[in-house]
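Chemist: Hey, dropping target00.cif in here, mmCIF, C-alpha atoms:
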```cif
data_data
loop_
_atom_site.group_PDB
_atom_site.id
_atom_site.type_symbol
_atom_site.label_atom_id
_atom_site.label_comp_id
_atom_site.auth_asym_id
_atom_site.auth_seq_id
_atom_site.Cartn_x
_atom_site.Cartn_y
_atom_site.Cartn_z
ATOM 1 C CA MET F 16 -4.575 3.705 -5.922
ATOM 2 C CA ARG F 17 -5.394 0.032 -6.245
ATOM 3 C CA ARG F 18 -3.700 -2.314 -8.661
ATOM 4 C CA VAL F 19 -4.937 -5.607 -10.044
ATOM 5 C CA ARG F 20 -3.676 -7.783 -12.841
ATOM 6 C CA PRO F 21 -5.171 -7.127 -16.272
ATOM 7 C CA GLY F 22 -8.509 -8.876 -16.661
ATOM 8 C CA VAL F 23 -8.867 -9.609 -12.939
ATOM 9 C CA ALA F 24 -11.686 -8.006 -11.003
ATOM 10 C CA ALA F 25 -11.365 -7.224 -7.327
ATOM 11 C CA THR F 26 -13.841 -5.901 -4.790
ATOM 12 C CA ARG F 27 -13.194 -3.433 -2.060
ATOM 13 C CA GLY F 28 -15.422 -2.539 0.830
ATOM 14 C CA SER F 29 -16.101 1.104 1.455
ATOM 15 C CA THR F 30 -16.875 2.840 4.713
ATOM 16 C CA SER F 31 -20.575 2.740 3.857
ATOM 17 C CA GLY F 32 -20.458 -1.057 3.660
ATOM 18 C CA GLU F 33 -21.191 -1.289 -0.053
ATOM 19 C CA GLU F 34 -18.752 -2.972 -2.395
ATOM 20 C CA ARG F 35 -17.566 -1.736 -5.733
ATOM 21 C CA ALA F 36 -15.843 -3.734 -8.409
ATOM 22 C CA LEU F 37 -12.456 -2.622 -9.663
ATOM 23 C CA THR F 38 -10.875 -3.908 -12.828
ATOM 24 C CA SER F 39 -7.746 -3.238 -14.781
ATOM 25 C CA VAL F 40 -7.424 -2.706 -18.491
ATOM 26 C CA ALA F 41 -4.876 -4.869 -20.284
ATOM 27 C CA ALA F 42 -2.076 -3.125 -22.143
ATOM 28 C CA GLY F 43 -2.745 -2.862 -25.859
ATOM 29 C CA GLU F 44 -0.570 -4.340 -28.580
ATOM 30 C CA ARG F 45 0.902 -0.906 -29.329
ATOM 31 C CA TYR F 46 2.187 -0.602 -25.757
ATOM 32 C CA ARG F 47 3.558 -4.171 -25.754
ATOM 33 C CA ALA F 48 5.354 -3.575 -29.075
ATOM 34 C CA GLN F 49 6.849 -0.355 -27.727
ATOM 35 C CA GLU F 50 7.942 -2.199 -24.578
ATOM 36 C CA ARG F 51 9.805 -4.793 -26.666
ATOM 37 C CA GLU F 52 11.428 -2.354 -29.081
ATOM 38 C CA GLU F 53 12.405 0.697 -27.054
ATOM 39 C CA PRO F 54 15.024 0.736 -24.336
ATOM 40 C CA GLU F 55 13.689 2.301 -21.142
ATOM 41 C CA SER F 56 15.977 5.323 -21.545
ATOM 42 C CA THR F 57 14.187 6.385 -24.761
ATOM 43 C CA ARG F 58 10.621 6.026 -23.479
ATOM 44 C CA PRO F 59 8.627 9.104 -22.516
ATOM 45 C CA SER F 60 9.091 9.981 -18.856
ATOM 46 C CA ASP F 61 5.371 9.518 -18.182
ATOM 47 C CA ALA F 62 5.213 5.966 -19.617
ATOM 48 C CA PRO F 63 4.530 3.385 -16.904
ATOM 49 C CA ARG F 64 7.426 1.192 -15.790
ATOM 50 C CA LEU F 65 7.676 -1.864 -13.577
ATOM 51 C CA TRP F 66 9.186 -1.481 -10.115
ATOM 52 C CA HIS F 67 10.072 -4.316 -7.746
ATOM 53 C CA VAL F 68 8.849 -3.423 -4.257
ATOM 54 C CA THR F 69 9.900 -4.980 -0.958
ATOM 55 C CA LEU F 70 7.884 -3.705 2.018
ATOM 56 C CA SER F 71 9.000 -4.679 5.540
ATOM 57 C CA VAL F 72 6.744 -4.259 8.583
ATOM 58 C CA SER F 73 7.145 -5.123 12.254
ATOM 59 C CA GLY F 74 5.602 -4.617 15.665
ATOM 60 C CA GLU F 75 4.210 -6.416 18.699
ATOM 61 C CA LYS F 76 3.954 -10.197 18.455
ATOM 62 C CA ALA F 77 0.709 -11.497 17.033
ATOM 63 C CA PRO F 78 -0.577 -15.088 16.798
ATOM 64 C CA LEU F 79 1.153 -16.691 13.817
ATOM 65 C CA HIS F 80 -2.072 -18.122 12.381
ATOM 66 C CA GLU F 81 -3.667 -14.658 12.425
ATOM 67 C CA VAL F 82 -0.681 -13.100 10.650
ATOM 68 C CA ARG F 83 -0.830 -15.791 7.963
ATOM 69 C CA ARG F 84 -4.585 -15.420 7.513
ATOM 70 C CA ALA F 85 -4.270 -11.627 7.205
ATOM 71 C CA LEU F 86 -1.494 -11.869 4.616
ATOM 72 C CA GLU F 87 -3.478 -14.452 2.659
ATOM 73 C CA GLN F 88 -6.450 -12.076 2.683
ATOM 74 C CA LEU F 89 -4.230 -9.231 1.486
ATOM 75 C CA ALA F 90 -2.914 -11.462 -1.328
ATOM 76 C CA HIS F 91 -6.500 -12.389 -2.240
ATOM 77 C CA ASP F 92 -7.533 -8.732 -2.302
ATOM 78 C CA HIS F 93 -4.399 -7.781 -4.272
ATOM 79 C CA PRO F 94 -3.421 -10.503 -6.715
ATOM 80 C CA PHE F 95 -0.338 -8.527 -7.758
ATOM 81 C CA LEU F 96 1.448 -9.627 -4.578
ATOM 82 C CA LEU F 97 4.197 -12.088 -5.411
ATOM 83 C CA THR F 98 5.179 -13.379 -2.038
ATOM 84 C CA SER F 99 4.858 -12.649 1.649
ATOM 85 C CA ARG F 100 7.063 -13.985 4.402
ATOM 86 C CA TYR F 101 6.060 -13.642 8.015
ATOM 87 C CA ALA F 102 6.914 -14.283 11.654
ATOM 88 C CA PRO F 103 4.987 -13.413 14.828
ATOM 89 C CA ASP F 104 6.515 -9.910 14.964
ATOM 90 C CA HIS F 105 7.444 -8.994 11.372
ATOM 91 C CA ALA F 106 6.631 -9.590 7.725
ATOM 92 C CA GLU F 107 7.955 -8.846 4.267
ATOM 93 C CA ILE F 108 5.803 -8.335 1.177
ATOM 94 C CA ARG F 109 7.267 -8.409 -2.322
ATOM 95 C CA TYR F 110 5.535 -7.504 -5.565
ATOM 96 C CA TRP F 111 5.795 -5.690 -8.883
ATOM 97 C CA GLU F 112 4.208 -2.254 -9.152
ATOM 98 C CA GLU F 113 3.477 -0.437 -12.388
ATOM 99 C CA ALA F 114 4.050 3.289 -11.991
ATOM 100 C CA ARG F 115 5.341 6.299 -13.888
ATOM 101 C CA ASP F 116 8.333 6.776 -11.595
ATOM 102 C CA LEU F 117 9.899 5.666 -8.337
ATOM 103 C CA HIS F 118 8.038 8.309 -6.357
ATOM 104 C CA ASP F 119 4.650 6.975 -7.473
ATOM 105 C CA ALA F 120 5.644 3.351 -6.818
ATOM 106 C CA ALA F 121 6.953 4.225 -3.346
ATOM 107 C CA ALA F 122 3.835 6.249 -2.490
ATOM 108 C CA VAL F 123 1.572 3.313 -3.349
ATOM 109 C CA ALA F 124 3.775 0.932 -1.353
ATOM 110 C CA LEU F 125 3.797 3.177 1.711
ATOM 111 C CA ARG F 126 -0.017 3.269 1.746
ATOM 112 C CA LEU F 127 -0.529 -0.469 1.196
ATOM 113 C CA TRP F 128 -0.244 -1.667 4.800
ATOM 114 C CA GLY F 129 -2.203 1.134 6.449
ATOM 115 C CA GLU F 130 -5.010 1.285 3.924
ATOM 116 C CA HIS F 131 -5.695 -2.438 4.177
ATOM 117 C CA ARG F 132 -5.043 -2.988 7.881
ATOM 118 C CA GLN F 133 -8.734 -3.289 8.742
ATOM 119 C CA THR F 134 -10.083 -4.933 5.572
ATOM 120 C CA ALA F 135 -7.455 -7.700 5.619
ATOM 121 C CA GLY F 136 -7.157 -7.871 9.420
ATOM 122 C CA LEU F 137 -3.448 -7.008 9.337
ATOM 123 C CA PRO F 138 -1.591 -6.560 12.625
ATOM 124 C CA PRO F 139 -1.100 -2.950 13.783
ATOM 125 C CA TRP F 140 2.548 -2.976 12.744
ATOM 126 C CA GLU F 141 4.556 -0.116 11.306
ATOM 127 C CA ILE F 142 6.516 0.012 8.083
ATOM 128 C CA VAL F 143 10.201 -0.346 8.925
ATOM 129 C CA GLY F 144 11.678 -0.774 5.467
ATOM 130 C CA LEU F 145 10.962 -0.098 1.830
ATOM 131 C CA GLU F 146 12.995 -0.907 -1.250
ATOM 132 C CA VAL F 147 11.824 0.101 -4.707
ATOM 133 C CA ILE F 148 14.040 -0.762 -7.672
ATOM 134 C CA ASP F 149 13.399 -0.716 -11.385
ATOM 135 C CA ARG F 150 13.098 -3.895 -13.428
ATOM 136 C CA GLN F 151 16.532 -3.504 -15.021
ATOM 137 C CA THR F 152 18.249 -3.162 -11.630
ATOM 138 C CA TYR F 153 16.334 -6.141 -10.252
ATOM 139 C CA HIS F 154 17.371 -8.385 -13.150
ATOM 140 C CA GLN F 155 20.955 -7.079 -13.033
ATOM 141 C CA ARG F 156 21.200 -7.983 -9.345
ATOM 142 C CA ILE F 157 19.813 -11.457 -9.998
ATOM 143 C CA ALA F 158 22.232 -12.021 -12.893
ATOM 144 C CA GLU F 159 25.172 -10.963 -10.729
ATOM 145 C CA GLY F 160 24.115 -13.303 -7.933
ATOM 146 C CA TYR F 161 23.123 -10.766 -5.304
ATOM 147 C CA GLY F 162 20.066 -8.780 -4.376
ATOM 148 C CA PRO F 163 16.627 -10.154 -3.692
ATOM 149 C CA ALA F 164 16.243 -13.742 -4.814
ATOM 150 C CA PRO F 165 13.467 -14.395 -7.320
ATOM 151 C CA ALA F 166 10.136 -14.485 -5.500
ATOM 152 C CA THR F 167 9.537 -18.234 -5.572
ATOM 153 C CA PRO F 168 7.540 -19.926 -4.434
ATOM 154 C CA VAL F 169 4.765 -17.433 -4.887
ATOM 155 C CA GLY F 170 2.408 -17.146 -1.939
ATOM 156 C CA VAL F 171 2.441 -16.603 1.813
ATOM 157 C CA HIS F 172 5.203 -18.411 3.717
ATOM 158 C CA PRO F 173 6.828 -18.300 7.161
ATOM 159 C CA PHE F 174 10.399 -16.963 7.415
#
```
Could you spell out this file's structure in structure tokens?

Modeler:
Amino acid sequence: MRRVRPGVAATRGSTSGEERALTSVAAGERYRAQEREEPESTRPSDAPRLWHVTLSVSGEKAPLHEVRRALEQLAHDHPFLLTSRYAPDHAEIRYWEEARDLHDAAAVALRLWGEHRQTAGLPPWEIVGLEVIDRQTYHQRIAEGYGPAPATPVGVHPF
């Protein structure tokens, strides 16, 4: 499954070499009103929720400029990515995922690196860590002064 911000079109190459445009539909006013008024515990279990994802990968050393270029390409292909940090032998990608439950968010995250290894030119590294937390937990951690720091500045940066 591929995610893009509402109103943003993205292209994706297929094995046949042709490209197809993918777009996302913005949430309607009814959904936004429900989001503001209902606590998450009273929403239907199949309503989409936001999950903060941190994906860690590592492997053999690769030229730093190639790692940066690949992560920038991945961020271009997937504008939902908040931030990427990298070194010659590891990287961390952080973003928000909209999914029905943790299982769906984790499944998308676990496919991200492998599915885009060739199209973005990512190093042949393996996933070594995955954290998926809901929005409430993320904001609670930030408020209490621990947990992942807010993803600023947005973009691709060295460790």

Chemist: Using Å and a single decimal, report how far CA of Glu146 (chain F) sits from CA of Glu75 (chain F).

Modeler: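 Atom-to-atom, CA of Glu75 (chain F) and CA of Glu146 (chain F) are spaced 22.5 Å apart.
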
Chemist: In Å, how far is it from CA of Glu141 (chain F) to CA of Leu97 (chain F)?

Modeler: 20.6 Å

Chemist: One decimal, Å: what's the distance from CA of Ile142 (chain F) over to CA of Pro63 (chain F), could you say?

Modeler: 25.3 Å

Chemist: Place a sphere of radius 12 Å on (10.1, 9.5, -10.5) in the file coordinates and name every protein, DNA or RNA residue with an atom inside or on its surface, counting only C-alpha atoms; give the answer as JSON, numbers by chain.

Modeler: {"F": [60, 61, 62, 63, 64, 66, 114, 115, 116, 117, 118, 119, 120, 121, 122, 147, 148, 149]}

Chemist: Determine the residue set returned by the PyMOL selection byres ((chain F and resi 70) around 6) for the present structure, and present it as a short mmCIF file (atom, residue, chain, number, x, y, z; two decimals) with C-alpha atoms, in the coordinates of the input.

Modeler:
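Dumped to expr_5.cif:
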```cif
data_model
loop_
_atom_site.label_atom_id
_atom_site.label_comp_id
_atom_site.auth_asym_id
_atom_site.auth_seq_id
_atom_site.Cartn_x
_atom_site.Cartn_y
_atom_site.Cartn_z
CA THR F 69 9.90 -4.98 -0.96
CA SER F 71 9.00 -4.68 5.54
CA GLU F 107 7.96 -8.85 4.27
CA ILE F 108 5.80 -8.34 1.18
CA GLY F 144 11.68 -0.77 5.47
CA LEU F 145 10.96 -0.10 1.83
#
```

Chemist: For region 79-90 of chain F, work out the shell of residues within 7 Å, counting all atoms listed in the file and skipping chain neighbours fewer than 5 positions away, then give it as a PyMOL selection string.

Modeler: chain F and resi 96+102-103+135-138+171

Chemist: Determine the axis-aligned bounding box of all atoms of region 133-136 of chain F present in the file, pad each side by 6 Å, and express its centre and edge lengths in Å to one decimal place as lines of an AutoDock Vina configuration file.

Modeler:
```
center_x = -8.6
center_y = -5.6
center_z = 7.5
size_x = 14.9
size_y = 16.6
size_z = 15.8
```

Chemist: Would you kindly identify which residues have an atom no farther than 9 Å from (12.8, -16.5, 4.0), using all atoms listed in the file and the file's own coordinates, and write them out as a compact mmCIF listing (two decimals) with C-alpha atoms, in the coordinates of the input?

Modeler:
```
# COMPACT_ATOMS: atom_id res chain seq x y z
CA ARG F 100 7.06 -13.98 4.40
CA TYR F 101 6.06 -13.64 8.02
CA HIS F 172 5.20 -18.41 3.72
CA PRO F 173 6.83 -18.30 7.16
CA PHE F 174 10.40 -16.96 7.42
```

Chemist: Skip Trp140 (chain F) itself and residues of its chain fewer than 6 positions away, then list as a compact mmCIF listing (two decimals) with C-alpha atoms, keeping the file's coordinate frame all residues within 8 Å of it, counting all atoms listed in the file.

Modeler:
```txt
# COMPACT_ATOMS: atom_id res chain seq x y z
CA VAL F 72 6.74 -4.26 8.58
CA SER F 73 7.14 -5.12 12.25
CA GLY F 74 5.60 -4.62 15.66
CA GLU F 75 4.21 -6.42 18.70
CA HIS F 105 7.44 -8.99 11.37
```
